[in-house]
Every structure is written in C-alpha cells, then in structure tokens.
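What follows is target_6.cif (mmCIF, C-alpha atoms).
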data_work
#
loop_
_atom_site.group_PDB
_atom_site.id
_atom_site.type_symbol
_atom_site.label_atom_id
_atom_site.label_comp_id
_atom_site.auth_asym_id
_atom_site.auth_seq_id
_atom_site.Cartn_x
_atom_site.Cartn_y
_atom_site.Cartn_z
ATOM 1 C CA MET A 107 116.773 75.613 119.205
ATOM 2 C CA THR A 108 114.348 77.442 116.976
ATOM 3 C CA PRO A 109 115.903 79.476 114.120
ATOM 4 C CA GLU A 110 115.037 82.632 116.066
ATOM 5 C CA GLN A 111 116.790 81.411 119.213
ATOM 6 C CA LYS A 112 119.893 80.529 117.205
ATOM 7 C CA LYS A 113 119.901 83.949 115.525
ATOM 8 C CA PHE A 114 119.668 85.611 118.936
ATOM 9 C CA LEU A 115 122.498 83.541 120.419
ATOM 10 C CA ASP A 116 124.673 84.204 117.357
ATOM 11 C CA GLU A 117 124.194 87.943 117.843
ATOM 12 C CA ILE A 118 125.127 87.723 121.527
ATOM 13 C CA ALA A 119 128.214 85.674 120.618
ATOM 14 C CA ALA A 120 129.222 88.339 118.073
ATOM 15 C CA GLU A 121 128.900 91.058 120.724
ATOM 16 C CA LEU A 122 130.963 89.084 123.228
ATOM 17 C CA LYS A 123 133.610 88.459 120.596
ATOM 18 C CA MET A 124 134.295 92.203 120.586
ATOM 19 C CA GLN A 125 135.001 92.228 124.337
ATOM 20 C CA PRO A 126 138.721 92.664 125.181
ATOM 21 C CA GLY A 127 140.382 89.343 125.937
ATOM 22 C CA PHE A 128 137.505 87.173 124.732
ATOM 23 C CA ASN A 129 139.453 84.305 123.164
ATOM 24 C CA ASP A 130 138.769 81.541 120.657
ATOM 25 C CA VAL A 131 138.044 78.912 123.320
ATOM 26 C CA GLU A 132 135.421 81.112 124.931
ATOM 27 C CA GLN A 133 133.869 81.805 121.529
ATOM 28 C CA LEU A 134 133.633 78.063 120.929
ATOM 29 C CA PHE A 135 132.226 77.239 124.359
ATOM 30 C CA PHE A 136 129.655 80.042 124.729
ATOM 31 C CA PRO A 137 127.000 78.905 122.195
ATOM 32 C CA LEU A 138 127.342 75.281 123.320
ATOM 33 C CA ARG A 139 126.861 76.155 126.986
ATOM 34 C CA PHE A 140 124.104 78.737 126.541
ATOM 35 C CA ASP A 141 122.102 76.742 123.976
ATOM 36 C CA LYS A 142 118.411 77.085 124.976
ATOM 37 C CA LYS A 143 117.781 73.381 124.442
ATOM 38 C CA ARG A 144 120.773 72.154 126.444
ATOM 39 C CA PRO A 145 119.768 71.466 130.066
ATOM 40 C CA THR A 146 121.673 73.409 132.696
ATOM 41 C CA LEU A 147 122.446 70.081 134.374
ATOM 42 C CA TYR A 148 124.634 69.176 131.398
ATOM 43 C CA LYS A 149 128.161 69.415 132.813
ATOM 44 C CA HIS A 150 130.773 71.850 131.506
ATOM 45 C CA LYS A 151 133.259 68.989 131.359
ATOM 46 C CA ASP A 152 131.009 66.954 129.074
ATOM 47 C CA ILE A 153 130.600 69.909 126.711
ATOM 48 C CA ALA A 154 134.373 70.409 126.660
ATOM 49 C CA GLU A 155 135.207 66.759 126.007
ATOM 50 C CA ILE A 156 132.310 65.701 123.773
ATOM 51 C CA LEU A 157 131.064 68.754 121.888
ATOM 52 C CA MET A 158 134.082 71.047 121.630
ATOM 53 C CA ILE A 159 136.470 68.472 120.186
ATOM 54 C CA PRO A 160 135.551 67.602 116.571
ATOM 55 C CA GLU A 161 135.261 63.976 115.557
ATOM 56 C CA GLY A 162 138.589 62.590 114.376
ATOM 57 C CA SER A 163 140.574 65.322 116.117
ATOM 58 C CA LYS A 164 144.010 64.439 117.496
ATOM 59 C CA LEU A 165 143.537 66.772 120.454
ATOM 60 C CA PRO A 166 143.694 65.028 123.862
ATOM 61 C CA GLN A 167 140.294 64.569 125.476
ATOM 62 C CA ASP A 168 141.071 66.994 128.305
ATOM 63 C CA PHE A 169 142.441 69.699 125.988
ATOM 64 C CA TYR A 170 139.568 72.059 126.864
ATOM 65 C CA SER A 171 138.162 70.469 130.011
ATOM 66 C CA LYS A 172 141.279 70.955 132.144
ATOM 67 C CA SER A 173 140.727 74.717 132.099
ATOM 68 C CA ILE A 174 136.960 74.792 131.612
ATOM 69 C CA GLY A 175 136.354 76.493 134.967
ATOM 70 C CA THR A 176 138.406 79.491 133.862
ATOM 71 C CA THR A 177 136.633 79.512 130.495
ATOM 72 C CA VAL A 178 133.231 79.715 132.197
ATOM 73 C CA GLN A 179 134.429 82.403 134.586
ATOM 74 C CA ASN A 180 135.800 84.541 131.760
ATOM 75 C CA ILE A 181 132.528 84.315 129.803
ATOM 76 C CA VAL A 182 130.504 85.341 132.859
ATOM 77 C CA SER A 183 132.946 88.183 133.552
ATOM 78 C CA GLY A 184 132.551 89.423 129.985
ATOM 79 C CA MET A 185 128.787 89.525 130.437
ATOM 80 C CA VAL A 186 128.473 90.660 134.062
ATOM 81 C CA GLY A 187 131.797 92.294 134.899
ATOM 82 C CA ARG A 188 134.613 91.631 137.325
ATOM 83 C CA LEU A 189 135.908 93.326 140.476
ATOM 84 C CA GLU A 190 139.575 94.166 140.774
ATOM 85 C CA THR A 191 141.741 91.464 142.333
ATOM 86 C CA LYS A 192 145.398 91.118 143.154
ATOM 87 C CA HIS A 193 146.084 89.615 139.736
ATOM 88 C CA LYS A 194 143.317 91.021 137.536
ATOM 89 C CA LYS A 195 141.938 94.458 136.732
ATOM 90 C CA ALA A 196 138.276 95.270 137.174
ATOM 91 C CA ILE A 197 136.185 95.161 134.017
ATOM 92 C CA SER A 198 132.671 96.320 133.169
ATOM 93 C CA GLY A 199 130.367 93.608 131.908
ATOM 94 C CA LEU A 200 128.663 94.041 128.568
ATOM 95 C CA TYR A 201 125.221 93.424 130.091
ATOM 96 C CA GLU A 202 125.770 94.511 133.703
ATOM 97 C CA ALA A 203 123.460 97.546 133.483
ATOM 98 C CA GLU A 204 120.686 95.559 131.770
ATOM 99 C CA MET A 205 120.880 92.802 134.343
ATOM 100 C CA ARG A 206 120.673 95.263 137.222
ATOM 101 C CA ALA A 207 117.649 96.910 135.600
ATOM 102 C CA ASP A 208 116.005 93.483 135.380
ATOM 103 C CA GLY A 209 116.483 92.894 139.098
ATOM 104 C CA VAL A 210 119.447 90.511 138.927
ATOM 105 C CA ASP A 211 121.652 90.643 142.046
ATOM 106 C CA VAL A 212 124.778 91.506 140.098
ATOM 107 C CA ASP A 213 126.741 92.412 143.238
ATOM 108 C CA SER A 214 126.389 88.845 144.492
ATOM 109 C CA LEU A 215 127.677 87.565 141.168
ATOM 110 C CA LEU A 216 130.625 89.966 141.235
ATOM 111 C CA ASN A 217 131.556 88.962 144.780
ATOM 112 C CA GLY A 218 131.146 85.233 144.182
ATOM 113 C CA LYS A 219 134.170 83.019 144.591
ATOM 114 C CA LYS A 220 135.749 81.382 141.567
ATOM 115 C CA GLY A 221 133.769 78.343 140.515
ATOM 116 C CA GLU A 222 130.896 79.093 142.909
ATOM 117 C CA LYS A 223 127.909 77.033 141.801
ATOM 118 C CA GLY A 224 125.006 78.945 140.323
ATOM 119 C CA THR A 225 126.720 82.010 138.842
ATOM 120 C CA TRP A 226 126.491 81.050 135.184
ATOM 121 C CA GLU A 227 122.970 79.617 135.666
ATOM 122 C CA VAL A 228 121.798 83.053 136.826
ATOM 123 C CA VAL A 229 123.250 84.574 133.658
ATOM 124 C CA TYR A 230 121.672 81.822 131.533
ATOM 125 C CA ASP A 231 118.226 82.420 133.045
ATOM 126 C CA TRP A 232 118.522 86.173 132.551
ATOM 127 C CA LEU A 233 119.647 85.734 128.945
ATOM 128 C CA TRP A 234 116.613 83.673 127.959
ATOM 129 C CA ASN A 235 113.939 85.122 130.268
ATOM 130 C CA HIS A 236 114.762 88.822 129.851
ATOM 131 C CA LYS A 237 117.267 89.637 127.131
ATOM 132 C CA TYR A 238 115.731 87.250 124.567
ATOM 133 C CA LEU A 239 112.217 88.608 125.108
ATOM 134 C CA ARG A 240 113.419 92.162 124.531
ATOM 135 C CA TRP A 241 115.230 91.024 121.403
ATOM 136 C CA LEU A 242 112.070 89.313 120.137
ATOM 137 C CA ASP A 243 110.049 92.428 120.855
ATOM 138 C CA GLU A 244 112.458 94.442 118.695
ATOM 139 C CA ASN A 245 113.026 91.892 115.919
ATOM 140 C CA GLY A 246 110.109 89.447 115.852
ATOM 141 C CA TRP A 247 107.953 91.295 113.326
ATOM 142 C CA GLN A 248 110.890 91.773 110.948
ATOM 143 C CA ILE A 249 111.835 88.084 111.233
ATOM 144 C CA LEU A 250 108.339 87.089 110.137
ATOM 145 C CA GLN A 251 108.198 89.741 107.425
ATOM 146 C CA GLU A 252 111.428 88.427 105.892
ATOM 147 C CA LYS A 253 109.796 84.990 105.581
ATOM 148 C CA ALA A 254 106.816 86.411 103.678
ATOM 149 C CA LYS A 255 105.988 85.301 100.124
ATOM 150 C CA SER A 256 103.060 87.503 99.255
ATOM 151 C CA PRO A 257 100.940 87.399 96.089
ATOM 152 C CA PRO A 258 99.502 90.744 94.912
ATOM 153 C CA ASN A 259 96.136 91.776 96.342
ATOM 154 C CA TRP A 260 95.969 88.980 98.926
ATOM 155 C CA LEU A 261 94.659 91.627 101.325
ATOM 156 C CA GLN A 262 92.230 94.384 100.349
ATOM 157 C CA PHE A 263 89.891 96.880 102.028
ATOM 158 C CA LEU A 264 86.501 97.575 100.467
ATOM 159 C CA THR A 265 83.984 100.319 101.213
ATOM 160 C CA LYS A 266 80.311 99.572 101.785
ATOM 161 C CA GLU A 267 79.572 100.571 98.174
ATOM 162 C CA GLU A 268 82.294 98.291 96.821
ATOM 163 C CA MET A 269 80.963 95.417 98.916
ATOM 164 C CA ALA A 270 77.486 96.050 97.500
ATOM 165 C CA SER A 271 78.940 95.795 93.970
ATOM 166 C CA VAL A 272 80.522 92.489 94.903
ATOM 167 C CA GLN A 273 77.248 91.159 96.274
ATOM 168 C CA ARG A 274 75.423 92.257 93.089
ATOM 169 C CA GLY A 275 78.037 90.505 91.001
ATOM 170 C CA THR A 276 79.118 93.663 89.177
ATOM 171 C CA ARG A 277 82.603 93.709 90.741
ATOM 172 C CA ALA A 278 85.060 90.913 91.427
ATOM 173 C CA VAL A 279 85.827 90.539 95.121
ATOM 174 C CA ILE A 280 89.519 90.062 94.288
ATOM 175 C CA LEU A 281 91.306 92.397 91.903
ATOM 176 C CA PRO A 282 93.692 90.998 89.276
ATOM 177 C CA PRO A 283 97.415 91.496 89.962
ATOM 178 C CA PRO A 284 98.550 95.034 89.081
ATOM 179 C CA PRO A 285 101.437 95.637 86.639
ATOM 180 C CA PRO A 286 104.929 95.143 88.184
ATOM 181 C CA ALA A 287 105.622 98.896 88.304
ATOM 182 C CA VAL A 288 102.403 99.508 90.233
ATOM 183 C CA GLN A 289 103.148 96.677 92.668
ATOM 184 C CA LYS A 290 106.072 98.723 94.029
ATOM 185 C CA ILE A 291 103.707 101.508 95.106
ATOM 186 C CA THR A 292 102.304 101.182 98.634
ATOM 187 C CA PRO A 293 98.512 100.802 98.387
ATOM 188 C CA THR A 294 96.274 103.179 100.319
ATOM 189 C CA ILE A 295 93.345 102.985 102.723
ATOM 190 C CA PRO A 296 90.775 105.811 102.815
ATOM 191 C CA ALA A 297 90.637 107.464 106.236
ATOM 192 C CA GLU A 298 87.467 107.714 108.296
ATOM 193 C CA LYS A 299 85.489 105.240 106.199
ATOM 194 C CA SER A 300 83.791 102.034 107.271
ATOM 195 C CA LEU A 301 85.666 99.230 105.517
ATOM 196 C CA TRP A 302 85.544 95.503 105.023
ATOM 197 C CA MET A 303 88.736 93.473 104.935
ATOM 198 C CA VAL A 304 89.047 90.815 102.230
ATOM 199 C CA ILE A 305 91.704 88.096 102.573
ATOM 200 C CA ASP A 306 92.299 85.849 99.579
ATOM 201 C CA LEU A 307 94.631 82.987 100.440
ATOM 202 C CA GLU A 308 94.202 79.590 98.798
ATOM 203 C CA PHE A 309 94.897 77.510 101.904
ATOM 204 C CA ASP A 310 91.735 75.513 102.507
ATOM 205 C CA ASN A 311 91.339 74.272 106.093
ATOM 206 C CA PHE A 312 94.500 76.031 107.250
ATOM 207 C CA GLN A 313 94.445 78.138 110.400
ATOM 208 C CA LEU A 314 94.808 81.872 109.759
ATOM 209 C CA LEU A 315 96.714 84.120 112.150
ATOM 210 C CA LEU A 316 96.447 87.793 111.213
ATOM 211 C CA LEU A 317 98.530 90.502 112.881
ATOM 212 C CA ASN A 318 98.325 94.279 112.594
ATOM 213 C CA ARG A 319 101.012 96.848 113.437
ATOM 214 C CA SER A 320 100.788 100.650 113.503
ATOM 215 C CA GLN A 321 101.853 103.474 115.783
ATOM 216 C CA ASP A 322 99.052 102.390 118.135
ATOM 217 C CA GLY A 323 100.712 99.030 118.765
ATOM 218 C CA GLU A 324 100.622 95.431 117.568
ATOM 219 C CA PHE A 325 97.434 93.375 117.760
ATOM 220 C CA LEU A 326 96.056 89.993 116.771
ATOM 221 C CA LEU A 327 93.030 90.416 114.477
ATOM 222 C CA CYS A 328 92.489 86.712 113.787
ATOM 223 C CA PRO A 329 91.555 84.852 115.815
ATOM 224 C CA SER A 330 89.854 87.409 118.034
ATOM 225 C CA SER A 331 86.373 87.985 119.365
ATOM 226 C CA ALA A 332 86.579 91.534 117.979
ATOM 227 C CA TYR A 333 86.885 90.647 114.282
ATOM 228 C CA ALA A 334 87.445 86.966 113.581
ATOM 229 C CA PRO A 335 86.383 84.286 116.071
ATOM 230 C CA HIS A 336 86.692 81.586 113.367
ATOM 231 C CA PRO A 337 90.333 81.263 112.189
ATOM 232 C CA ILE A 338 90.005 78.226 109.900
ATOM 233 C CA ILE A 339 90.058 79.090 106.171
ATOM 234 C CA GLU A 340 87.063 77.049 105.000
ATOM 235 C CA LYS A 341 86.553 78.722 101.646
ATOM 236 C CA PRO A 342 88.539 81.770 100.516
ATOM 237 C CA PRO A 343 88.190 84.684 100.296
ATOM 238 C CA ILE A 344 87.603 85.539 103.957
ATOM 239 C CA LEU A 345 85.673 88.654 104.916
ATOM 240 C CA LEU A 346 86.347 90.502 108.159
ATOM 241 C CA PRO A 347 84.555 91.345 110.388
ATOM 242 C CA GLN A 348 83.127 87.825 110.561
ATOM 243 C CA LYS A 349 79.624 87.003 111.665
ATOM 244 C CA ASP A 350 79.328 86.570 115.432
ATOM 245 C CA SER A 351 82.240 88.945 116.007
ATOM 246 C CA TRP A 352 81.936 92.054 118.145
ATOM 247 C CA ALA A 353 82.592 94.269 115.110
ATOM 248 C CA ASP A 354 79.746 92.638 113.168
ATOM 249 C CA GLN A 355 77.142 94.042 115.542
ATOM 250 C CA ASP A 356 76.987 97.484 113.906
ATOM 251 C CA GLU A 357 78.982 97.917 110.706
ATOM 252 C CA SER A 358 78.529 101.699 110.669
ATOM 253 C CA LYS A 359 80.465 101.948 113.922
ATOM 254 C CA THR A 360 82.601 98.864 114.233
ATOM 255 C CA ASN A 361 83.863 97.859 110.791
ATOM 256 C CA PHE A 362 87.511 98.712 110.135
ATOM 257 C CA LYS A 363 87.884 102.480 110.333
ATOM 258 C CA PHE A 364 91.286 104.190 110.279
ATOM 259 C CA GLY A 365 91.353 107.668 111.760
ATOM 260 C CA LYS A 366 95.082 108.416 111.710
ATOM 261 C CA LEU A 367 97.103 109.121 108.559
ATOM 262 C CA VAL A 368 99.763 106.520 109.300
ATOM 263 C CA LYS A 369 101.252 103.343 107.932
ATOM 264 C CA GLU A 370 99.261 100.181 108.693
ATOM 265 C CA GLU A 371 101.047 96.831 108.353
ATOM 266 C CA PHE A 372 99.577 93.340 108.258
ATOM 267 C CA LEU A 373 101.145 89.897 108.612
ATOM 268 C CA ALA A 374 99.203 86.714 107.947
ATOM 269 C CA ILE A 375 100.410 83.234 108.855
ATOM 270 C CA ALA A 376 98.645 80.245 107.293
ATOM 271 C CA VAL A 377 99.277 77.090 109.340
ATOM 272 C CA GLU A 378 98.313 73.592 108.192
ATOM 273 C CA LYS A 379 98.051 72.141 111.706
ATOM 274 C CA PRO A 380 96.222 74.579 113.991
ATOM 275 C CA VAL A 381 98.360 76.118 116.709
ATOM 276 C CA SER A 382 96.851 75.740 120.166
ATOM 277 C CA LEU A 383 97.775 78.479 122.633
ATOM 278 C CA PRO A 384 95.570 80.074 125.325
ATOM 279 C CA TRP A 385 95.733 83.558 123.810
ATOM 280 C CA LEU A 386 94.590 82.209 120.419
ATOM 281 C CA ILE A 387 91.202 81.332 121.918
ATOM 282 C CA PRO A 388 88.845 84.300 121.282
ATOM 283 C CA ARG A 389 87.726 85.832 124.578
ATOM 284 C CA GLU A 390 85.498 88.797 125.340
ATOM 285 C CA GLU A 391 87.854 89.815 128.171
ATOM 286 C CA GLU A 392 90.558 90.464 125.562
ATOM 287 C CA ALA A 393 88.575 91.182 122.430
ATOM 288 C CA LEU A 394 91.647 92.348 120.502
ATOM 289 C CA PRO A 395 94.685 90.470 121.859
ATOM 290 C CA GLU A 396 97.870 92.473 122.191
ATOM 291 C CA TRP A 397 100.902 91.115 120.367
ATOM 292 C CA ASN A 398 103.886 90.880 122.717
ATOM 293 C CA ALA A 399 107.270 89.172 123.019
ATOM 294 C CA GLU A 400 106.112 86.372 125.327
ATOM 295 C CA ARG A 401 103.364 85.398 122.897
ATOM 296 C CA LEU A 402 105.712 85.681 119.943
ATOM 297 C CA LYS A 403 108.158 83.345 121.722
ATOM 298 C CA GLU A 404 105.391 80.788 122.236
ATOM 299 C CA LEU A 405 104.304 81.077 118.601
ATOM 300 C CA PHE A 406 107.835 80.591 117.235
ATOM 301 C CA GLU A 407 108.220 77.492 119.424
ATOM 302 C CA GLN A 408 104.983 76.060 118.001
ATOM 303 C CA LEU A 409 105.856 76.913 114.401
ATOM 304 C CA ALA A 410 109.240 75.209 114.792
ATOM 305 C CA LYS A 411 107.339 71.930 115.265
ATOM 306 C CA GLN A 412 105.430 72.353 111.993
ATOM 307 C CA ASP A 413 106.420 71.597 108.410
ATOM 308 C CA ASN A 414 103.810 73.528 106.459
ATOM 309 C CA TRP A 415 103.203 77.202 107.219
ATOM 310 C CA GLN A 416 103.591 80.372 105.196
ATOM 311 C CA VAL A 417 103.783 84.091 105.923
ATOM 312 C CA PHE A 418 102.248 86.979 103.950
ATOM 313 C CA TYR A 419 102.852 90.701 104.372
ATOM 314 C CA GLN A 420 101.168 93.867 103.179
ATOM 315 C CA SER A 421 101.416 97.542 104.180
ATOM 316 C CA PHE A 422 99.063 100.421 103.465
ATOM 317 C CA GLU A 423 99.183 104.200 103.818
ATOM 318 C CA VAL A 424 96.043 105.714 105.321
ATOM 319 C CA VAL A 425 95.106 108.812 103.279
ATOM 320 C CA LYS A 426 92.426 111.468 103.193
ATOM 321 C CA THR A 427 89.898 111.192 100.392
ATOM 322 C CA ALA A 428 87.419 113.653 98.978
#
Take the structure in this file and express it as structure tokens.
Amino acid sequence: MTPEQKKFLDEIAAELKMQPGFNDVEQLFFPLRFDKKRPTLYKHKDIAEILMIPEGSKLPQDFYSKSIGTTVQNIVSGMVGRLETKHKKAISGLYEAEMRADGVDVDSLLNGKKGEKGTWEVVYDWLWNHKYLRWLDENGWQILQEKAKSPPNWLQFLTKEEMASVQRGTRAVILPPPPPAVQKITPTIPAEKSLWMVIDLEFDNFQLLLLNRSQDGEFLLCPSSAYAPHPIIEKPPILLPQKDSWADQDESKTNFKFGKLVKEEFLAIAVEKPVSLPWLIPREEEALPEWNAERLKELFEQLAKQDNWQVFYQSFEVVKTA
C-alpha cells in the first residue's frame, strides 16, 4: 500500500476498535484482510494461518482459522450493522448511513446468511472506492503539505513594474532569504493587480506540478494550458504565465490577478521521473484542471513508485494596496 492508504486504513481500524465488542482478533485481522494491495481472492484461512500467526509462535496453525468465519462476520457487522436474531441484539454499523448514501444495498447485506459469499467484498469495494476518496479529499492537501521542505522565497509574485526592473537588470528576480523573524509572517499579494509568478527551484530537468488552493477551489496550475503547458524545469527560475499559454495572450487581462481578499495556498511537487497521467496533459477543454480526490489518488500511486520527489509549500494573504 501507499503511505496514504496505510494511514487511511489505520484510522478506520482505530474507529472500529472503539465499537462495542470489537476484540483483539478482529483488530489483528481487519488491516490484513482489507489491505488495498491484497487481492480479494486471497482466502481468509490463508490470512489466518500465514499472516496472523507470527514466525516462531507456538500457537497451533488453526488457532485463528477455525473461527475465521465469525471474525469476518463480526467485522462486517461493526461496519454495516446487524439485525436482531434469537441469540444476538441488533447493532448499528459505524458506516451504515454512509454506505446507504453511496448507493450500497445495505439491506441485502443485513439480511444475508452467515458466511454468504460476497458480503465482505461489497464492504471492501465501498471502503476503497467511496470512503477512501472522501478521506483523500479531506486530507490529501494536508498530507502533501506536511511533506514540504520549503526554502524562503521559492515562490514570488511580481508586478509589471517589478518585472521590468528584473529585465533591466536593476532588480534580482529572486529575493534573498528574509530574517528568521520575518519568515514567520505570511507574505502578501496585492489585490487587483496583474502579476507574474516566479518559481525558483533548483531541480533541473525535473517535472513541476503546481497546485493552488483558495476558497474558490483547488486547481492544477502546472501543467495546464492556462498557465504552464511546459512542466519540465529546464533552467530555473520559471516564470508563469509561460509562452504559448492561454494567459500569455494578453497580460493585462490574463496574468495572475487576485480579486478576493483571501488566503491563497500553493503546493509544488518536483519529480525526477515525469509522472504520466491523462489529466497532466494540457488540454484546451480543461484549461485549468480541477484538483479532486480521484486525481490525487492516482498521483499518490505514481509517487509511491518514485524515489526522488520533493514538496514545497507557500501561502499568501491577498491584501488591498494604495
């Protein structure tokens, strides 16, 4: 599993642990059975006899497997619920309401006979195709932000006049690092001004993925046909909008311009081996790709295969200026 998938499953296991009657055996079995990378064809019995018993243990091989059917049933009941029977009270499942909202036929699961094939697979599919995506949508940005190692001034916004000074050679395109006390102060962006974005990351020939988050949503700035159709860092610093982008057509109207006095956040990911996903190909039909859970899931899966990638984060407050 990716680190994100493991974190998600650990959180679900912690929630289930708080359910009444959820015992140590069920706690041990749950993450092994619901592991995203373990095929559903992998038998419960094999998990119980091979994975649940530690190497060198003196426990008999069938210590867990002889009652594995009950273990599975109890886990599913904790998640989905259980109807009242002659010997057991009805219980409400921890995720019953969510599953119903996602279109899962919970009533069929509740009325299924003990050991009926398919019940736990339905829960497994829901967990990874619905619950996990919602969790990523809520936590994905923060997960990336916590990985960030950001040098000062790696991301700046310059006005047209400041860019002219840079081009004349009277102003450095990248500012020196501010004093430590100043670094703790959130930098600002002037509202309602046409701005250039300057990205200074010393990662030659790496692929740059640049994300933006504000109250308007989460979007992919690079690569995109709107601002940055060329995501390879050939020679830093990088200026956005890039040539041949939609925003480069008329800088007075289409450079970066922030009209709302809100917080603007940016995440950059520098990747040594370019990530290839359909939504990372700049397209006019989606000039500014929306950042969503499904795409984040795909990105995390690709990054898990790579050894050399780094995250950078910066936030700004948009303010009025004279």
Self-check item: Residue IDs satisfying the PyMOL selection byres ((chain A and resi 325) around 6), as a ChimeraX atom specification
Solution: /A:317-318,324,326,395-397
Quiz item: With distances taken over only C-alpha atoms, which of A:Gln408, A:Leu147, A:Val186, A:Ile181 is nearest to A:Gly199?
Solution: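 With only C-alpha atoms as the atom set, the closest residue is A:Val186.
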Exercise. Name the residues that the PyMOL selection byres ((chain A and resi 153) around 10) picks from the file above, as a ChimeraX atom specification, using the file's chain letters and numbers.
Key: /A:135,138-139,148-152,154-159,170-171,174
Keeping only C-alpha atoms, take the residues you just selected and write them out as a PDB file, in the frame of the given file.
ATOM      1  CA  PHE A 135     132.226  77.239 124.359  1.00  0.00           C
ATOM      2  CA  LEU A 138     127.342  75.281 123.320  1.00  0.00           C
ATOM      3  CA  ARG A 139     126.861  76.155 126.986  1.00  0.00           C
ATOM      4  CA  TYR A 148     124.634  69.176 131.398  1.00  0.00           C
ATOM      5  CA  LYS A 149     128.161  69.415 132.813  1.00  0.00           C
ATOM      6  CA  HIS A 150     130.773  71.850 131.506  1.00  0.00           C
ATOM      7  CA  LYS A 151     133.259  68.989 131.359  1.00  0.00           C
ATOM      8  CA  ASP A 152     131.009  66.954 129.074  1.00  0.00           C
ATOM      9  CA  ALA A 154     134.373  70.409 126.660  1.00  0.00           C
ATOM     10  CA  GLU A 155     135.207  66.759 126.007  1.00  0.00           C
ATOM     11  CA  ILE A 156     132.310  65.701 123.773  1.00  0.00           C
ATOM     12  CA  LEU A 157     131.064  68.754 121.888  1.00  0.00           C
ATOM     13  CA  MET A 158     134.082  71.047 121.630  1.00  0.00           C
ATOM     14  CA  ILE A 159     136.470  68.472 120.186  1.00  0.00           C
ATOM     15  CA  TYR A 170     139.568  72.059 126.864  1.00  0.00           C
ATOM     16  CA  SER A 171     138.162  70.469 130.011  1.00  0.00           C
ATOM     17  CA  ILE A 174     136.960  74.792 131.612  1.00  0.00           C
TER      18      ILE A 174
END
Exercise. Using the chain letters and residue numbers of this document, give as a PyMOL selection string the residues selected by the PyMOL selection byres ((chain A and resi 349) around 12).
Key: chain A and resi 331-336+344-348+350-357+361
Quiz item: Which value, in Å to one decimal, gives the distance between atom CA of A:Gln262 and atom CA of A:Ile305?
Solution: 6.7 Å
